[in-house]
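Novice: My file is final.txt. It has compact mmCIF, C-alpha atoms:
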# COMPACT_ATOMS: atom_id res chain seq x y z
CA MET A 1 186.89 228.59 235.12
CA GLU A 2 188.56 225.20 235.20
CA GLU A 3 192.05 225.14 236.62
CA ALA A 4 193.61 223.69 233.45
CA GLN A 5 191.97 226.38 231.35
CA LEU A 6 193.10 229.04 233.77
CA ARG A 7 196.67 227.72 233.77
CA ALA A 8 196.80 227.89 229.99
CA LEU A 9 195.41 231.40 229.99
CA VAL A 10 197.84 232.63 232.62
CA LYS A 11 200.75 231.03 230.80
CA LYS A 12 199.82 232.75 227.58
CA ALA A 13 199.31 236.08 229.28
CA SER A 14 202.65 235.83 231.05
CA ARG A 15 204.24 235.42 227.62
CA GLY A 16 202.56 238.58 226.42
CA ASP A 17 199.48 237.18 224.74
CA GLU A 18 197.10 240.14 224.75
CA ASP A 19 194.00 238.06 224.00
CA ALA A 20 194.70 235.88 226.99
CA ALA A 21 195.26 239.01 229.06
CA ALA A 22 191.90 240.39 227.95
CA LEU A 23 190.15 237.14 228.91
CA LEU A 24 191.82 237.14 232.30
CA PHE A 25 190.76 240.72 232.86
CA ASP A 26 187.16 240.03 231.90
CA GLU A 27 187.09 237.02 234.19
CA TYR A 28 188.72 238.54 237.25
CA TYR A 29 188.30 242.29 237.20
CA PRO A 30 184.64 242.18 238.31
CA ARG A 31 185.52 239.75 241.12
CA VAL A 32 188.41 241.83 242.31
CA TYR A 33 186.28 244.95 242.17
CA LYS A 34 183.48 243.28 244.12
CA TYR A 35 185.95 241.95 246.64
CA ALA A 36 187.36 245.45 247.06
CA ALA A 37 183.87 246.90 247.26
CA ALA A 38 182.97 244.36 249.95
CA ARG A 39 185.87 245.60 252.02
CA LEU A 40 185.96 249.29 251.13
CA GLY A 41 182.44 249.92 250.00
CA PRO A 42 181.46 250.33 246.37
CA GLY A 43 182.73 253.37 244.52
CA PRO A 44 185.98 255.08 243.58
CA SER A 45 188.03 253.44 246.33
CA ALA A 46 187.09 249.98 245.19
CA GLU A 47 187.74 250.97 241.58
CA ASP A 48 191.14 252.31 242.53
CA ALA A 49 191.93 249.14 244.43
CA ALA A 50 190.95 246.97 241.48
CA SER A 51 192.92 249.09 239.04
CA GLU A 52 196.00 249.07 241.22
CA THR A 53 195.69 245.32 241.67
CA PHE A 54 195.73 244.76 237.92
CA ALA A 55 198.57 247.22 237.46
CA LYS A 56 200.58 245.11 239.91
CA VAL A 57 199.56 241.96 238.09
CA VAL A 58 201.05 243.39 234.90
CA ARG A 59 204.32 244.13 236.67
CA GLU A 60 204.51 240.79 238.48
CA LEU A 61 203.04 238.42 235.93
CA GLY A 62 206.46 237.54 234.49
CA ARG A 63 207.59 236.35 237.91
CA PHE A 64 204.41 234.46 238.74
CA LYS A 65 204.97 230.76 239.47
CA TRP A 66 202.00 228.49 239.74
CA ARG A 67 202.25 226.91 243.13
CA GLY A 68 199.91 226.28 246.03
CA ALA A 69 197.09 228.75 245.84
CA GLY A 70 197.53 229.24 242.11
CA PHE A 71 196.52 232.32 240.19
CA GLU A 72 193.49 233.23 242.28
CA GLY A 73 195.46 232.96 245.50
CA TRP A 74 198.13 235.18 244.01
CA LEU A 75 195.66 237.67 242.53
CA PHE A 76 193.57 238.05 245.69
CA ARG A 77 196.67 238.29 247.84
CA ILE A 78 197.73 241.25 245.71
CA ALA A 79 194.23 242.69 246.03
CA ARG A 80 194.26 242.20 249.81
CA ASN A 81 197.61 243.97 250.10
CA VAL A 82 196.44 246.83 247.91
CA ILE A 83 193.29 247.23 250.00
CA VAL A 84 195.21 247.12 253.28
CA ASP A 85 197.63 249.74 251.93
CA MET A 86 194.73 251.95 250.89
CA GLN A 87 193.12 251.58 254.28
CA ARG A 88 196.38 252.54 255.94
CA ARG A 89 196.73 255.54 253.69
CA THR A 90 193.23 256.72 254.42
CA GLY A 91 193.50 255.87 258.10
CA ARG A 92 190.73 253.35 257.85
CA GLU A 93 192.21 250.10 259.05
CA THR A 94 188.99 248.13 258.72
CA LEU A 95 185.37 248.94 258.53
CA THR A 96 185.29 250.63 261.84
CA GLU A 97 183.16 250.62 264.91
CA GLU A 98 181.89 254.04 263.90
CA MET A 99 180.49 252.57 260.76
CA PHE A 100 179.02 249.79 262.80
CA GLU A 101 177.15 252.19 265.07
CA PRO A 102 173.59 252.61 263.85
CA SER A 103 172.84 255.96 262.37
CA GLU A 104 170.05 258.26 263.53
CA THR A 105 167.69 256.93 260.95
CA SER A 106 168.63 253.33 261.31
CA GLN A 107 167.94 253.41 264.99
CA GLU A 108 164.37 254.18 264.31
CA GLY A 109 162.16 251.18 264.59
CA LEU A 110 164.87 248.86 265.86
CA PRO A 111 164.82 247.13 269.19
CA GLU A 112 167.01 248.73 271.81
CA THR A 113 169.32 245.76 271.72
CA ALA A 114 169.76 245.89 268.01
CA LEU A 115 173.42 246.23 267.17
CA VAL A 116 172.85 247.03 263.62
CA ASN A 117 170.29 247.40 260.95
CA VAL A 118 171.42 244.32 259.06
CA GLU A 119 169.42 245.23 256.04
CA SER A 120 171.93 247.97 255.47
CA ALA A 121 174.69 246.65 253.25
CA THR A 122 177.24 248.85 254.89
CA GLU A 123 176.36 247.65 258.31
CA LEU A 124 176.32 244.05 257.24
CA ARG A 125 179.79 244.49 255.83
CA ALA A 126 180.79 246.05 259.10
CA LEU A 127 179.51 242.97 260.86
CA LEU A 128 181.94 240.87 258.84
CA ASP A 129 184.82 242.80 260.31
CA ARG A 130 184.07 241.26 263.67
CA LEU A 131 184.80 237.80 262.36
CA PRO A 132 188.18 236.09 262.58
CA PRO A 133 190.18 237.00 259.45
CA GLU A 134 189.85 233.65 257.68
CA GLN A 135 186.09 233.48 258.26
CA ARG A 136 185.68 237.02 257.03
CA GLU A 137 187.85 236.24 254.03
CA VAL A 138 185.83 233.20 253.03
CA LEU A 139 182.59 235.19 253.12
CA LEU A 140 184.10 238.10 251.19
CA LEU A 141 185.43 235.78 248.51
CA ARG A 142 182.29 233.69 248.30
CA PHE A 143 179.60 236.37 248.54
CA GLY A 144 181.58 239.48 247.73
CA ALA A 145 183.83 238.38 244.89
CA GLY A 146 181.42 235.64 243.84
CA LEU A 147 183.98 232.84 243.71
CA ASP A 148 182.70 229.28 243.93
CA THR A 149 184.08 226.97 246.59
CA ASN A 150 186.80 225.60 244.34
CA GLU A 151 187.96 229.06 243.34
CA THR A 152 187.77 230.24 246.93
CA GLY A 153 189.77 227.19 247.92
CA ARG A 154 192.46 228.09 245.42
CA ALA A 155 192.43 231.70 246.56
CA MET A 156 192.85 230.64 250.19
CA ASP A 157 195.09 227.68 249.48
CA ARG A 158 192.55 225.26 250.95
CA ASN A 159 190.46 222.48 249.52
CA ALA A 160 186.77 222.93 248.73
CA ASN A 161 185.61 220.99 251.82
CA ALA A 162 187.68 223.15 254.10
CA VAL A 163 186.14 226.18 252.45
CA ARG A 164 182.63 224.86 253.11
CA GLN A 165 183.43 224.19 256.76
CA LEU A 166 184.98 227.62 257.17
CA GLN A 167 182.01 229.25 255.49
CA LEU A 168 179.59 227.42 257.75
CA ARG A 169 181.42 228.53 260.89
CA ALA A 170 181.57 232.09 259.56
CA LEU A 171 177.83 232.20 258.85
CA ARG A 172 177.03 230.77 262.28
CA ASN A 173 179.14 233.45 263.87
CA VAL A 174 177.46 236.19 261.87
CA ARG A 175 174.10 234.78 262.79
CA ALA A 176 175.10 234.74 266.42
CA MET A 177 175.89 238.43 266.22
CA LEU A 178 172.49 239.31 264.81
CA PRO A 179 169.76 240.51 267.08
CA GLU A 180 167.03 237.98 267.67
CA GLY A 181 164.49 239.89 265.67
CA VAL A 182 166.43 239.84 262.49
CA LYS A 183 168.09 236.43 262.56
CA GLY A 184 165.54 234.77 260.46
CA ALA A 185 164.43 237.76 258.50
CA MET B 1 169.16 219.60 268.39
CA ASN B 2 166.45 217.67 266.58
CA GLU B 3 166.03 217.38 262.87
CA HIS B 4 163.53 220.18 262.74
CA GLU B 5 165.81 222.56 264.58
CA LYS B 6 168.67 221.59 262.28
CA ASP B 7 166.55 222.28 259.27
CA VAL B 8 165.50 225.63 260.67
CA GLN B 9 169.07 226.57 261.39
CA ALA B 10 170.21 225.45 257.93
CA GLU B 11 167.43 227.49 256.42
CA GLU B 12 168.42 230.50 258.50
CA LEU B 13 172.05 230.17 257.43
CA ALA B 14 171.08 229.86 253.79
CA ASP B 15 168.92 232.92 254.18
CA LEU B 16 171.75 234.77 255.85
CA ALA B 17 174.04 233.81 252.98
CA ARG B 18 171.55 235.19 250.47
CA ARG B 19 171.25 238.40 252.47
CA LEU B 20 174.99 238.70 252.63
CA GLU B 21 175.18 238.15 248.93
CA ARG B 22 172.59 240.85 248.39
CA ALA B 23 174.32 243.16 250.81
CA LEU B 24 177.64 242.73 249.05
CA GLU B 25 176.15 242.80 245.60
CA THR B 26 177.35 245.71 243.57
CA ASP B 27 177.50 246.60 239.93
CA THR B 28 180.90 246.44 238.43
CA PRO B 29 181.75 249.70 236.73
CA GLU B 30 182.92 249.66 233.17
CA ALA B 31 186.65 249.38 233.14
CA ARG B 32 187.52 249.86 229.51
CA SER B 33 190.51 252.02 230.12
CA GLU B 34 191.74 249.69 232.88
CA LYS B 35 191.34 246.75 230.55
CA ALA B 36 193.16 248.51 227.73
CA LEU B 37 195.99 249.42 230.09
CA PHE B 38 196.19 245.89 231.43
CA VAL B 39 196.21 244.27 228.00
CA ALA B 40 198.71 246.75 226.61
CA GLY B 41 200.87 246.36 229.72
CA VAL B 42 200.99 242.59 229.36
CA GLY B 43 201.89 242.94 225.67
CA ALA B 44 204.52 245.59 226.31
CA ARG B 45 206.02 243.55 229.11
CA ALA B 46 206.41 240.62 226.77
CA ARG B 47 207.96 242.83 224.12
CA ARG B 48 210.36 244.25 226.68
CA SER B 49 211.27 240.80 227.96
CA SER B 50 211.84 239.46 224.45
CA TRP B 51 214.01 242.48 223.71
CA SER B 52 216.01 242.01 226.89
CA ALA B 53 216.16 238.27 226.26
CA ALA B 54 217.84 239.03 222.95
CA LEU B 55 220.03 241.71 224.49
CA ILE B 56 221.77 239.38 226.92
CA PRO B 57 223.18 236.96 224.32
CA ALA B 58 223.95 239.88 222.01
CA THR B 59 225.93 241.55 224.78
CA ALA B 60 227.77 238.31 225.46
CA VAL B 61 228.69 237.94 221.78
CA VAL B 62 229.95 241.52 221.59
CA ALA B 63 231.99 241.01 224.76
CA VAL B 64 233.59 237.88 223.33
CA LEU B 65 234.35 239.68 220.05
CA ILE B 66 235.95 242.56 221.90
CA ALA B 67 238.01 240.19 224.01
CA LEU B 68 239.15 238.28 220.91
CA ALA B 69 239.96 241.51 219.12
CA VAL B 70 242.11 242.64 222.03
CA VAL B 71 243.82 239.29 222.44
CA SER B 72 244.40 238.81 218.73
CA ARG B 73 245.69 242.34 218.24
CA GLY B 74 249.28 241.23 218.22
CA ALA B 75 248.75 237.82 216.63
CA LEU B 76 251.34 236.97 214.00
CA PRO B 77 251.10 234.63 211.03
CA GLY B 78 251.08 231.05 212.21
CA GLN B 79 249.52 231.85 215.55
CA ALA B 80 246.07 230.51 216.41
CA LEU B 81 244.41 233.94 216.54
CA TYR B 82 246.01 235.28 213.40
CA PRO B 83 243.10 234.30 211.09
CA PHE B 84 240.72 236.04 213.48
CA ARG B 85 242.88 239.14 213.39
CA LYS B 86 242.92 239.07 209.62
CA ALA B 87 239.14 238.70 209.59
CA LEU B 88 238.72 241.67 211.91
CA ASP B 89 241.22 243.55 209.81
CA ARG B 90 239.09 242.99 206.72
CA VAL B 91 236.03 244.48 208.39
CA GLY B 92 238.06 247.29 209.85
CA LEU B 93 237.80 246.10 213.45
CA ALA B 94 241.42 245.14 213.93
CA PRO B 95 244.38 247.49 213.72
CA SER B 96 245.81 247.30 210.16
CA THR B 97 249.24 245.82 209.64
CA ALA B 98 250.46 249.09 208.19
CA GLY B 99 249.10 250.89 211.26
CA GLU B 100 250.91 248.52 213.55
CA VAL B 101 254.16 248.99 211.62
CA ARG B 102 253.66 252.72 211.92
CA GLU B 103 253.30 252.40 215.68
CA LEU B 104 256.42 250.25 215.89
CA LEU B 105 258.38 252.72 213.79
CA ASP B 106 257.27 255.61 215.96
CA GLU B 107 258.35 253.71 219.02
CA ALA B 108 261.66 252.76 217.40
CA GLY B 109 262.18 256.41 216.37
CA ARG B 110 261.72 257.52 219.96
CA LEU B 111 264.20 254.91 221.17
CA VAL B 112 266.78 255.84 218.53
CA THR B 113 266.52 259.55 219.31
CA ALA B 114 266.96 258.83 222.99
CA ALA B 115 269.91 256.57 222.24
CA GLU B 116 271.55 259.26 220.13
CA GLY B 117 271.05 261.81 222.87
CA ALA B 118 272.61 259.56 225.50
CA ALA B 119 275.40 258.12 223.36
CA THR B 120 278.16 260.30 224.81
CA SER B 121 276.72 261.23 228.16
CA SER B 122 275.34 257.84 229.16
CA PRO B 123 276.67 255.31 226.71
CA SER B 124 275.48 252.20 228.56
CA ARG B 125 271.93 253.47 228.54
CA ALA B 126 272.29 254.59 224.94
CA ARG B 127 273.48 251.14 223.98
CA ALA B 128 270.45 249.52 225.67
CA LEU B 129 268.10 251.95 223.95
CA ALA B 130 269.67 251.28 220.58
CA ILE B 131 269.32 247.53 221.09
CA ASP B 132 265.65 247.98 222.02
CA ALA B 133 265.15 250.11 218.93
CA LEU B 134 266.71 247.46 216.74
CA ALA B 135 264.48 244.77 218.25
CA THR B 136 261.41 246.95 217.61
CA LEU B 137 262.56 247.51 214.04
CA ARG B 138 262.98 243.78 213.51
CA GLU B 139 259.36 243.31 214.64
CA ALA B 140 258.27 246.06 212.25
CA ASP B 141 260.26 244.45 209.47
CA ARG B 142 258.48 241.13 210.06
CA LEU B 143 255.12 242.83 209.75
CA VAL B 144 256.15 244.72 206.64
CA GLY B 145 256.70 241.30 205.08
CA GLU B 146 252.90 240.94 205.11
CA LEU B 147 252.45 244.10 203.13
CA ASP B 148 252.80 244.66 199.43
CA GLY B 149 253.42 247.55 197.12
CA GLU B 150 254.75 251.02 197.46
CA ARG B 151 253.65 251.41 201.05
CA ALA B 152 255.73 248.42 202.06
CA ASP B 153 258.78 249.85 200.24
CA GLU B 154 258.38 253.16 202.01
CA LEU B 155 258.15 251.46 205.37
CA GLU B 156 261.15 249.30 204.62
CA ARG B 157 263.19 252.36 203.72
CA GLU B 158 262.13 253.98 206.95
CA ILE B 159 263.08 250.89 208.88
CA GLU B 160 266.50 250.82 207.25
CA ALA B 161 267.08 254.47 208.01
CA LEU B 162 266.19 253.95 211.63
CA GLU B 163 268.33 250.83 211.79
CA ASP B 164 271.28 252.87 210.50
CA ARG B 165 270.68 255.53 213.09
CA ALA B 166 270.34 252.93 215.82
CA ASP B 167 273.56 251.25 214.66
CA GLU B 168 275.36 254.57 214.66
CA ALA B 169 274.09 255.41 218.08
CA GLU B 170 275.18 252.02 219.31
CA ASP B 171 278.61 252.43 217.70
CA LEU B 172 278.99 255.87 219.19
CA ALA B 173 278.00 254.52 222.56
CA ASP B 174 280.49 251.66 222.15
CA ASP B 175 283.22 254.10 221.20
CA THR B 176 282.43 256.25 224.17
CA LEU B 177 282.52 253.22 226.39
CA ASP B 178 285.86 252.14 224.86
CA GLU B 179 287.33 255.57 225.34
CA ARG B 180 286.21 255.61 228.89
CA GLU B 181 287.69 252.18 229.41
CA ASP B 182 291.00 253.28 227.92
CA ALA B 183 290.99 256.39 230.01
CA ARG B 184 290.23 254.36 233.06
CA GLU B 185 292.98 251.89 232.38
CA GLU B 186 295.38 254.71 231.70
CA ALA B 187 294.38 256.37 234.91
CA GLU B 188 294.89 253.13 236.76
CA GLU B 189 298.32 252.71 235.26
CA ARG B 190 299.13 256.26 236.12
CA GLU B 191 297.91 255.71 239.59
CA ASP B 192 300.02 252.61 239.91
CA SER B 193 303.14 254.32 238.67
CA SER B 194 302.65 257.50 240.65
CA GLY B 195 301.81 255.51 243.73
CA SER B 196 305.17 253.58 243.71
CA GLY B 197 307.19 256.75 243.17
CA SER B 198 305.75 258.57 246.07
CA GLY B 199 305.75 255.46 248.25
CA GLY B 200 309.50 255.00 247.69
CA ASP B 201 309.24 251.24 247.39
CA ASP B 202 310.41 251.10 243.87
CA ASP B 203 313.91 252.22 243.22
CA ASP B 204 314.49 253.38 239.76
CA SER B 205 311.57 253.34 237.49
CA SER B 206 308.70 254.87 239.38
CA GLY B 207 310.45 257.79 240.88
CA PRO B 208 311.77 259.25 237.73
CA GLY B 209 308.70 258.20 235.76
CA SER B 210 306.41 260.25 237.82
CA GLY B 211 308.90 262.96 237.84
CA GLY B 212 308.64 263.22 234.13
CA GLU B 213 305.00 264.34 234.32
CA ASP B 214 305.03 266.21 237.52
CA ASP B 215 307.95 268.28 238.53
CA ASP B 216 307.09 268.73 242.14
CA SER B 217 306.35 265.20 242.93
CA SER B 218 309.27 263.71 241.19
CA GLY B 219 311.63 266.16 242.75
CA SER B 220 310.42 265.79 246.22
CA GLY B 221 309.58 262.12 245.94
CA SER B 222 312.77 261.03 244.50
CA GLY B 223 314.77 263.37 246.63
CA GLY B 224 313.21 262.23 249.83
CA ASP B 225 313.09 258.51 249.38
CA ASP B 226 315.57 257.34 246.90
CA ASP B 227 319.22 257.71 247.42
CA ASN B 228 320.37 256.44 244.14
CA SER B 229 318.47 258.60 241.81
CA SER B 230 317.37 261.92 243.08
CA GLY B 231 319.51 262.30 246.10
CA SER B 232 322.73 261.98 244.29
CA GLY B 233 321.54 263.58 241.14
CA SER B 234 320.08 266.60 242.62
CA GLY B 235 322.78 267.09 245.13
CA ASP B 236 325.64 266.93 242.79
CA ASP B 237 324.72 268.53 239.64
CA ASP B 238 322.19 271.17 238.76
CA ASP B 239 321.62 270.41 235.21
CA SER B 240 322.59 266.89 234.95
CA SER B 241 321.16 265.76 238.16
CA GLY B 242 318.04 264.80 236.42
CA SER B 243 319.76 262.82 233.87
CA GLY B 244 322.09 261.44 236.34
CA SER B 245 319.42 260.30 238.69
CA GLY B 246 317.18 259.09 236.03
CA GLY B 247 319.84 257.30 234.20
CA ASP B 248 317.54 254.52 233.15
CA ASP B 249 314.36 256.52 232.70
CA SER B 250 313.68 259.32 230.33
CA SER B 251 310.95 260.89 232.41
CA GLY B 252 313.27 260.95 235.29
CA SER B 253 315.76 262.89 233.35
CA GLY B 254 313.09 265.38 232.39
CA SER B 255 312.22 266.07 235.93
CA GLY B 256 315.74 266.04 236.94
CA GLY B 257 316.50 268.79 234.53
CA ASP B 258 314.31 271.08 236.46
CA ASP B 259 316.01 273.36 238.92
CA ASP B 260 313.17 273.32 241.33
CA SER B 261 313.26 269.69 241.79
CA SER B 262 316.89 269.48 242.28
CA GLY B 263 316.74 272.39 244.65
CA LYS B 264 314.21 270.62 246.77
CA GLY B 265 316.12 267.44 246.68
As structure tokens - that is how I would like this structure written.
Specialist:
Amino acid sequence: MEEAQLRALVKKASRGDEDAAALLFDEYYPRVYKYAAARLGPGPSAEDAASETFAKVVRELGRFKWRGAGFEGWLFRIARNVIVDMQRRTGRETLTEEMFEPSETSQEGLPETALVNVESATELRALLDRLPPEQREVLLLRFGAGLDTNETGRAMDRNANAVRQLQLRALRNVRAMLPEGVKGA
Amino acid sequence: MNEHEKDVQAEELADLARRLERALETDTPEARSEKALFVAGVGARARRSSWSAALIPATAVVAVLIALAVVSRGALPGQALYPFRKALDRVGLAPSTAGEVRELLDEAGRLVTAAEGAATSSPSRARALAIDALATLREADRLVGELDGERADELEREIEALEDRADEAEDLADDTLDEREDAREEAEEREDSSGSGSGGDDDDSSGPGSGGEDDDSSGSGSGGDDDNSSGSGSGDDDDSSGSGSGGDDSSGSGSGGDDDSSGKG
């Protein structure tokens, strides 16, 4: 969505326009859910996180001021905080080392040095947790939430070029963590 | 790194990105209820904010009206707030003129009653209370001028009755004060005259004068201190000693006529 279009939509919604609110929900709920699912795993937790994020948006929308990161930055910051709170509540700070450890079945057929069966979505997500926060965030927003570089830039308060650079470094780091046998799989 | 290696690496990274995308891919659940809640919440928030946006100026207007009503409560004809008071009066938000007169009359009644009660015991206070009552009645009378009809006549009669009572209380207080003044002056005079007789400084008048009212004092006083009057009178003649000593004062003769006094002398 173009920034001007988004601004108009957010403005209307903040004044109570229900149609604008519905459009915003349709546009961003799936992304927020996917972002939450990328961090928490798909399922009820991610649904709860998305729902709570939008409940907070309702409460805070009247105070929202468009500056810097804009609506996406604001929305995903709320989502991040909700997710972190949920992780604290459930005692799961991040996708943990335990999750990263290969399971009995996943160990089968892997080289001894294999850290992870990277074909497993869960384990690939766990791999992201080893990245520096900003690199992890750019990959979660780009490939989890499905934002394009401009949207990711707005969400992270960076320009699109900076997002591309950050994404490249993040992918190189992930690649470096992969076992040789699966790097080019 | 040569071009080929760069290409390979770029290809590997692109492949990794696709795998990441696949790994993170997930179906978004239907969120109808969440959407309905969100949309309704946004709408309700706006309704609440518009309601509260209207509430603030409304509260301010009410506050100003209340303040004006309070300030204009006692406004009189000719004063800046009087029209406002009349306007509030018309819609029943200001105290009515008749109601205000009633309050003033009640207050004046209390003052008059207190003045009457204190008129003889504490006349100065009674006088002050009566004056206050009269001032309150004058205020009430001014307000009655705004009223018409039978009600105004009734109130005027009540004012007059209270004015009469206040005047009477004031008069009574004045009388009491006058009486007290007279009594005080009389007492002072008495004190003066009795003081000279006993002191023996004054020859003729004081000695016998005091003697006229008080047998003992005149007898002893005059006998002790004054040769002319009591000494000779009492010493020489029982009956006439008084007259003799008090030759120029009737009271002196009275005292002199008393055996006791002469005896003492």
Novice: Within 8 Å of Ala40 (chain B), counting all atoms listed in the file, which residues qualify if same-chain residues fewer than 4 places away don't, as a PyMOL selection string?
Specialist: (chain A and resi 18) or (chain B and resi 36+44)
Novice: Using only C-alpha atoms, which of B:Leu177, B:Leu13, B:Leu147, B:Ala118 sits nearest Asn173 (chain A)?
Specialist: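 Among B:Leu177, B:Leu13, B:Leu147, B:Ala118, it is B:Leu13 that comes nearest to Asn173 (chain A).
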Novice: From the set A:Met156, A:Leu9, A:Leu139, A:Ala162, which residue has the shortest atom-to-atom contact distance to Tyr35 (chain A), counting only C-alpha atoms?
Specialist: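 Residue with the minimum atom-to-atom distance to Tyr35 (chain A): A:Leu139.
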Novice: Calculate how many Å separate CA of Glu47 (chain A) from CA of Tyr33 (chain A), rounding to one decimal.
Specialist: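 Taking CA of Glu47 (chain A) and CA of Tyr33 (chain A), their separation equals 6.2 Å.
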Novice: Using only C-alpha atoms, I'd like a table of the residues in chain B that come within 10 Å of chain A; for each, show the closest atom pair and its distance in Å rounded to one decimal, ordered by chain and ascending number, as JSON lines.
Specialist:
{"residue": "B:Val8", "atom": "CA", "partner": "A:Gly184", "partner_atom": "CA", "distance": 9.1}
{"residue": "B:Gln9", "atom": "CA", "partner": "A:Gly184", "partner_atom": "CA", "distance": 9.0}
{"residue": "B:Ala10", "atom": "CA", "partner": "A:Leu168", "partner_atom": "CA", "distance": 9.6}
{"residue": "B:Glu11", "atom": "CA", "partner": "A:Gly184", "partner_atom": "CA", "distance": 8.5}
{"residue": "B:Glu12", "atom": "CA", "partner": "A:Gly184", "partner_atom": "CA", "distance": 5.5}
{"residue": "B:Leu13", "atom": "CA", "partner": "A:Leu171", "partner_atom": "CA", "distance": 6.3}
{"residue": "B:Ala14", "atom": "CA", "partner": "A:Leu171", "partner_atom": "CA", "distance": 8.8}
{"residue": "B:Asp15", "atom": "CA", "partner": "A:Gly184", "partner_atom": "CA", "distance": 7.4}
{"residue": "B:Leu16", "atom": "CA", "partner": "A:Leu171", "partner_atom": "CA", "distance": 7.3}
{"residue": "B:Ala17", "atom": "CA", "partner": "A:Leu171", "partner_atom": "CA", "distance": 7.2}
{"residue": "B:Arg18", "atom": "CA", "partner": "A:Phe143", "partner_atom": "CA", "distance": 8.4}
{"residue": "B:Arg19", "atom": "CA", "partner": "A:Glu119", "partner_atom": "CA", "distance": 7.9}
{"residue": "B:Leu20", "atom": "CA", "partner": "A:Phe143", "partner_atom": "CA", "distance": 6.6}
{"residue": "B:Glu21", "atom": "CA", "partner": "A:Phe143", "partner_atom": "CA", "distance": 4.8}
{"residue": "B:Arg22", "atom": "CA", "partner": "A:Ala121", "partner_atom": "CA", "distance": 7.9}
{"residue": "B:Ala23", "atom": "CA", "partner": "A:Ala121", "partner_atom": "CA", "distance": 4.3}
{"residue": "B:Leu24", "atom": "CA", "partner": "A:Gly144", "partner_atom": "CA", "distance": 5.3}
{"residue": "B:Glu25", "atom": "CA", "partner": "A:Gly144", "partner_atom": "CA", "distance": 6.7}
{"residue": "B:Thr26", "atom": "CA", "partner": "A:Lys34", "partner_atom": "CA", "distance": 6.6}
{"residue": "B:Asp27", "atom": "CA", "partner": "A:Lys34", "partner_atom": "CA", "distance": 8.0}
{"residue": "B:Thr28", "atom": "CA", "partner": "A:Pro30", "partner_atom": "CA", "distance": 5.7}
{"residue": "B:Pro29", "atom": "CA", "partner": "A:Glu47", "partner_atom": "CA", "distance": 7.8}
{"residue": "B:Glu30", "atom": "CA", "partner": "A:Pro30", "partner_atom": "CA", "distance": 9.2}
{"residue": "B:Ala31", "atom": "CA", "partner": "A:Tyr29", "partner_atom": "CA", "distance": 8.3}
{"residue": "B:Ser33", "atom": "CA", "partner": "A:Ser51", "partner_atom": "CA", "distance": 9.7}
{"residue": "B:Glu34", "atom": "CA", "partner": "A:Ser51", "partner_atom": "CA", "distance": 6.3}
{"residue": "B:Lys35", "atom": "CA", "partner": "A:Phe25", "partner_atom": "CA", "distance": 6.5}
{"residue": "B:Ala36", "atom": "CA", "partner": "A:Ala22", "partner_atom": "CA", "distance": 8.2}
{"residue": "B:Leu37", "atom": "CA", "partner": "A:Ala55", "partner_atom": "CA", "distance": 8.1}
{"residue": "B:Phe38", "atom": "CA", "partner": "A:Val58", "partner_atom": "CA", "distance": 6.5}
{"residue": "B:Val39", "atom": "CA", "partner": "A:Glu18", "partner_atom": "CA", "distance": 5.3}
{"residue": "B:Ala40", "atom": "CA", "partner": "A:Glu18", "partner_atom": "CA", "distance": 7.1}
{"residue": "B:Gly41", "atom": "CA", "partner": "A:Val58", "partner_atom": "CA", "distance": 6.0}
{"residue": "B:Val42", "atom": "CA", "partner": "A:Gly16", "partner_atom": "CA", "distance": 5.2}
{"residue": "B:Gly43", "atom": "CA", "partner": "A:Gly16", "partner_atom": "CA", "distance": 4.5}
{"residue": "B:Ala44", "atom": "CA", "partner": "A:Gly16", "partner_atom": "CA", "distance": 7.3}
{"residue": "B:Arg45", "atom": "CA", "partner": "A:Gly16", "partner_atom": "CA", "distance": 6.6}
{"residue": "B:Ala46", "atom": "CA", "partner": "A:Gly16", "partner_atom": "CA", "distance": 4.4}
{"residue": "B:Arg47", "atom": "CA", "partner": "A:Gly16", "partner_atom": "CA", "distance": 7.2}
{"residue": "B:Arg48", "atom": "CA", "partner": "A:Gly16", "partner_atom": "CA", "distance": 9.6}
{"residue": "B:Ser49", "atom": "CA", "partner": "A:Gly62", "partner_atom": "CA", "distance": 8.7}
{"residue": "B:Ser50", "atom": "CA", "partner": "A:Arg15", "partner_atom": "CA", "distance": 9.2}
Novice: Give me, as a Markdown table, the closest atom pair and its distance (Å, one decimal) for every residue of region 113-204 of chain B within a cut-off of 8 Å of region 95-109 of chain B, counting all atoms listed in the file, rows sorted by chain and rising number.
Specialist:
| residue | atom | partner | partner_atom | distance |
| --- | --- | --- | --- | --- |
| B:Thr113 | CA | B:Gly109 | CA | 6.1 |
| B:Asp132 | CA | B:Ala108 | CA | 7.8 |
| B:Ala133 | CA | B:Ala108 | CA | 4.6 |
| B:Leu134 | CA | B:Ala108 | CA | 7.4 |
| B:Thr136 | CA | B:Ala108 | CA | 5.8 |
| B:Leu137 | CA | B:Ala108 | CA | 6.3 |
| B:Glu139 | CA | B:Leu104 | CA | 7.6 |
| B:Ala140 | CA | B:Val101 | CA | 5.1 |
| B:Asp141 | CA | B:Val101 | CA | 7.9 |
| B:Leu143 | CA | B:Val101 | CA | 6.5 |
| B:Val144 | CA | B:Val101 | CA | 6.9 |
| B:Glu146 | CA | B:Thr97 | CA | 7.6 |
| B:Leu147 | CA | B:Ala98 | CA | 7.4 |
| B:Leu155 | CA | B:Val101 | CA | 7.8 |
| B:Glu158 | CA | B:Leu105 | CA | 7.9 |
| B:Ile159 | CA | B:Leu105 | CA | 7.0 |
| B:Leu162 | CA | B:Gly109 | CA | 6.7 |
